[in-house]
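Novice: Here's a structure for you.
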Amino acid sequence: MGRRSPITNRVRELRDKHGSMTQAELGDAIGVTRQTIIAIEQGRYSPSLESAFRIARVFGVGLEEVFRWDE
Amino acid sequence: MAFQEKSAWIMSLALLLGGLFYFGVVAWMSSQIGELAPPILPLVAVYTVILIIIAIVGHVVIAVFAPKDANTALDERERQIFDRAGHLSGYVVGVGVLLSLGLYLFSYSGNLLFYGVFASLMISQLAEYAIQIFLYRSGV
């Protein structure tokens with residue numbers, strides 16, 4: 001379907017490590033919908049810098065441990 | 001499926017049914033009088049009522065099944081989707097109005113101009129919802 005973003009992420013993996021946090025719970029924690037979390041995990045949407053930082057803070061890790069630029 | 005995507009499907013259906021009804025009646029009236037029927041206010045009013053009824057009933061139904069989603073404001077991704085769809089549909093209405101004006105210069109038919117502009121508005125609105133649905137599914 002859409003153009004793949006060069007930004008990859010470990011959101012799904014970190015959710016699983018975080019006590020199987022659901023997509024809806026993560027969405028509520030950072031102020032986006034569950035569908036947006038799904039789109040982020042599938043690489044269909046690159047979040048804003050603010051949301052990226054919010055996701056990293058939820059998991060208690062640095063930004064680059066969640067998001068990576070894949071050449 | 002996101003609430004706003006469901007909403008876009010409902011509004012697309014409403015516009016499609018309303019448009020088919022409106023131009024179906026115009027075509028029927030025109031065939032009866034043997035020329036392009038003039039636009040009449042009661043028909044526009046009925047079209048508007050059809051649109052409003054489908055929109056209200058449709059949104060009530062999807063809100064009943066997902067009350068939390070119905071009360072949620074657009075998030076950053078949805079705002080981008082709405083902005084892009086609104087921007088692109090603006091071109092559709094622009095081209096439609098230009099074509100209608102061009103048609104008027106050749107036909108001098110005010111009725112045709114009205115229908116052309118009215119159809120452009122309907123098509124651009126339909127395009128806006130179609131683009132929203134596409135972006136929800138493919139990514140921004």
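Residue numbering restarts at 1 for every chain of the structure tokens, chains are lettered A, B, ... in their displayed order, and ligands are numbered from 1 as they appear.
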Find the residues around range 52-62 of chain A up to 7 Å (only C-alpha atoms counted), leave out those fewer than 5 positions away in its own chain, and share them as JSON, numbers by chain.
Specialist: {"A": [14, 30, 47]}
Novice: Could you pull the residues within 9 Å of Leu88 in chain B, counting only C-alpha atoms, minus those fewer than 5 positions along the same chain, as a list in words?
Specialist: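 So, after excluding close chain neighbours, the residues are Asp83, Ser124, Ala127, Glu128 and Ile131 of chain B.
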Novice: Leaving out range 64-68 of chain A and any residue of its chain fewer than 5 positions from it, which residues lie within 6 Å of it when counting only C-alpha atoms, given as a JSON list (two decimals) with all heavy atoms, in the first residue's frame?
Specialist:
[["chain", "number", "residue", "atom", "x", "y", "z"],
["A", 7, "ILE", "N", 12.22, 4.86, 8.91],
["A", 7, "ILE", "CA", 12.33, 4.77, 10.37],
["A", 7, "ILE", "C", 11.68, 3.47, 10.84],
["A", 7, "ILE", "O", 10.50, 3.24, 10.57],
["A", 7, "ILE", "CB", 11.64, 5.98, 11.05],
["A", 7, "ILE", "CG1", 12.29, 7.27, 10.56],
["A", 7, "ILE", "CG2", 11.72, 5.87, 12.57],
["A", 7, "ILE", "CD1", 11.52, 8.52, 10.97],
["A", 8, "THR", "N", 12.47, 2.63, 11.50],
["A", 8, "THR", "CA", 11.91, 1.40, 12.06],
["A", 8, "THR", "C", 11.80, 1.57, 13.58],
["A", 8, "THR", "O", 12.37, 2.51, 14.14],
["A", 8, "THR", "CB", 12.81, 0.18, 11.76],
["A", 8, "THR", "OG1", 14.11, 0.44, 12.29],
["A", 8, "THR", "CG2", 12.91, -0.06, 10.27],
["A", 9, "ASN", "N", 11.02, 0.70, 14.19],
["A", 9, "ASN", "CA", 10.86, 0.85, 15.64],
["A", 9, "ASN", "C", 10.67, -0.50, 16.32],
["A", 9, "ASN", "O", 10.38, -1.50, 15.67],
["A", 9, "ASN", "CB", 9.67, 1.79, 15.94],
["A", 9, "ASN", "CG", 8.35, 1.19, 15.55],
["A", 9, "ASN", "OD1", 7.82, 0.33, 16.25],
["A", 9, "ASN", "ND2", 7.81, 1.61, 14.40],
["A", 10, "ARG", "N", 10.85, -0.44, 17.65],
["A", 10, "ARG", "CA", 10.71, -1.65, 18.48],
["A", 10, "ARG", "C", 9.51, -1.52, 19.41],
["A", 10, "ARG", "O", 9.49, -2.12, 20.49],
["A", 10, "ARG", "CB", 11.98, -1.86, 19.31],
["A", 10, "ARG", "CG", 13.23, -2.16, 18.48],
["A", 10, "ARG", "CD", 14.48, -2.15, 19.36],
["A", 10, "ARG", "NE", 14.33, -3.03, 20.51],
["A", 10, "ARG", "CZ", 14.67, -2.68, 21.77],
["A", 10, "ARG", "NH1", 15.15, -1.48, 22.02],
["A", 10, "ARG", "NH2", 14.52, -3.52, 22.78]]
Novice: At a cut-off of 10 Å, which residues of chain A touch chain B? Count only C-alpha atoms and give the answer as a list in words.
Specialist: Met1, Gly2, Arg3, Arg4, Ser5, Gly27, Gly31, Val32, Thr33, Arg34, Gln35, Thr36, Ile37, Ala39, Ile40, Gln42, Gly43, Arg44, Tyr45, Ser46, Pro47, Ser48 and Ser51 of chain A
Novice: The selected residues should be written to file as an mmCIF file, in the first residue's frame (atoms: C-alpha atoms).
Specialist:
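Contents of the output file again.cif:
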data_model
loop_
_atom_site.group_PDB
_atom_site.id
_atom_site.type_symbol
_atom_site.label_atom_id
_atom_site.label_comp_id
_atom_site.auth_asym_id
_atom_site.auth_seq_id
_atom_site.Cartn_x
_atom_site.Cartn_y
_atom_site.Cartn_z
ATOM 1 C CA MET A 1 0.000 0.000 0.000
ATOM 2 C CA GLY A 2 1.757 3.150 1.235
ATOM 3 C CA ARG A 3 5.405 4.194 1.078
ATOM 4 C CA ARG A 4 7.530 2.498 3.758
ATOM 5 C CA SER A 5 9.219 4.852 6.184
ATOM 6 C CA GLY A 27 -2.215 5.004 22.861
ATOM 7 C CA GLY A 31 -2.506 10.646 23.609
ATOM 8 C CA VAL A 32 -3.112 8.907 20.283
ATOM 9 C CA THR A 33 -5.628 6.326 19.089
ATOM 10 C CA ARG A 34 -5.031 2.565 19.074
ATOM 11 C CA GLN A 35 -5.106 2.702 15.256
ATOM 12 C CA THR A 36 -2.212 5.155 15.277
ATOM 13 C CA ILE A 37 -0.160 2.815 17.472
ATOM 14 C CA ALA A 39 0.181 2.244 12.109
ATOM 15 C CA ILE A 40 3.426 3.110 13.967
ATOM 16 C CA GLN A 42 3.539 -1.504 11.057
ATOM 17 C CA GLY A 43 5.775 1.318 9.804
ATOM 18 C CA ARG A 44 2.885 3.061 8.069
ATOM 19 C CA TYR A 45 3.225 6.201 10.171
ATOM 20 C CA SER A 46 6.205 7.988 11.665
ATOM 21 C CA PRO A 47 5.111 9.754 14.858
ATOM 22 C CA SER A 48 5.933 13.354 15.670
ATOM 23 C CA SER A 51 5.018 11.423 20.473
#
Novice: Between CA of Val57 in chain B and CA of Gln132 in chain B, measure the distance and give it in Å to one decimal.
Specialist: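 Taking CA of Val57 in chain B as the start and CA of Gln132 in chain B as the end point, the length is 20.8 Å.
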Novice: So that I can check the surroundings of Ser12 in chain B, please list as JSON, numbers by chain every protein, DNA and RNA residue that reaches within 12 Å of it, counting only C-alpha atoms and ignoring chain neighbours fewer than 3 positions away.
Specialist: {"B": [5, 6, 7, 8, 9, 15, 16, 17, 18, 19, 51, 54, 55, 58, 122, 123, 124, 125, 126, 127, 128, 129, 130, 131, 132, 133]}
Novice: DSSP on the backbone, strand (DSSP E) only: what residues of chain A does that give? Format it as a list of chain:residue names.
Specialist: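 Strand (DSSP E) members of chain A, listed: A:Ile7, A:Thr8, A:Asn9, A:Phe67, A:Arg68, A:Trp69.
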Novice: Pick out the closest residue to Ile62 in chain B from this set: B:Gln4, B:Thr48, B:Gln32, B:Ser120. Count only C-alpha atoms.
Specialist: B:Gln4
Novice: I need the residues in range 2-65 of chain A that are helix (DSSP H, G or I) according to DSSP; give them as a PyMOL selection string.
Specialist: chain A and resi 11-17+23-30+34-41+49-59+63-65
Novice: Selected residues, C-alpha atoms, written as an mmCIF file, in the first residue's frame, please.
Specialist:
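Writing done, so here's again13.cif:
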data_model
loop_
_atom_site.group_PDB
_atom_site.id
_atom_site.type_symbol
_atom_site.label_atom_id
_atom_site.label_comp_id
_atom_site.auth_asym_id
_atom_site.auth_seq_id
_atom_site.Cartn_x
_atom_site.Cartn_y
_atom_site.Cartn_z
ATOM 1 C CA VAL A 11 7.377 -0.491 19.889
ATOM 2 C CA ARG A 12 5.748 -3.908 19.685
ATOM 3 C CA GLU A 13 8.707 -5.646 21.292
ATOM 4 C CA LEU A 14 8.862 -3.062 24.091
ATOM 5 C CA ARG A 15 5.119 -3.389 24.674
ATOM 6 C CA ASP A 16 5.534 -7.132 25.129
ATOM 7 C CA LYS A 17 8.443 -6.595 27.522
ATOM 8 C CA GLN A 23 -1.915 -0.935 21.940
ATOM 9 C CA ALA A 24 -4.892 0.903 23.459
ATOM 10 C CA GLU A 25 -3.036 1.387 26.765
ATOM 11 C CA LEU A 26 0.017 2.781 24.998
ATOM 12 C CA GLY A 27 -2.215 5.004 22.861
ATOM 13 C CA ASP A 28 -3.946 6.367 25.965
ATOM 14 C CA ALA A 29 -0.582 6.948 27.655
ATOM 15 C CA ILE A 30 0.751 9.121 24.838
ATOM 16 C CA ARG A 34 -5.031 2.565 19.074
ATOM 17 C CA GLN A 35 -5.106 2.702 15.256
ATOM 18 C CA THR A 36 -2.212 5.155 15.277
ATOM 19 C CA ILE A 37 -0.160 2.815 17.472
ATOM 20 C CA ILE A 38 -0.931 0.005 15.008
ATOM 21 C CA ALA A 39 0.181 2.244 12.109
ATOM 22 C CA ILE A 40 3.426 3.110 13.967
ATOM 23 C CA GLU A 41 4.179 -0.554 14.685
ATOM 24 C CA LEU A 49 9.070 13.971 17.709
ATOM 25 C CA GLU A 50 6.906 14.720 20.743
ATOM 26 C CA SER A 51 5.018 11.423 20.473
ATOM 27 C CA ALA A 52 8.263 9.542 19.864
ATOM 28 C CA PHE A 53 9.685 10.979 23.095
ATOM 29 C CA ARG A 54 6.445 10.160 24.916
ATOM 30 C CA ILE A 55 6.633 6.523 23.754
ATOM 31 C CA ALA A 56 10.262 6.269 24.880
ATOM 32 C CA ARG A 57 9.376 7.766 28.283
ATOM 33 C CA VAL A 58 6.522 5.276 28.753
ATOM 34 C CA PHE A 59 9.015 2.442 28.308
ATOM 35 C CA LEU A 63 14.608 7.538 21.926
ATOM 36 C CA GLU A 64 17.153 5.581 19.890
ATOM 37 C CA GLU A 65 16.283 2.395 21.708
#
Novice: For each of B:Leu99, B:Ala45, B:Val64, B:Ile53, take the minimum atom-to-atom distance to Ala119 in chain B, counting only C-alpha atoms, then give the residue where this is smallest.
Specialist: B:Leu99
Novice: If you measure from CA of Leu112 in chain B to CA of Glu35 in chain B, what distance in Å do you get, rounded to one decimal?
Specialist: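 We find that CA of Leu112 in chain B and CA of Glu35 in chain B lie 11.1 Å from each other.
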Novice: Quote the spacing between CA of Pro39 in chain B and CA of Asn111 in chain B in Å to one decimal place.
Specialist: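 Atom-to-atom, CA of Pro39 in chain B to CA of Asn111 in chain B, that is 6.5 Å.
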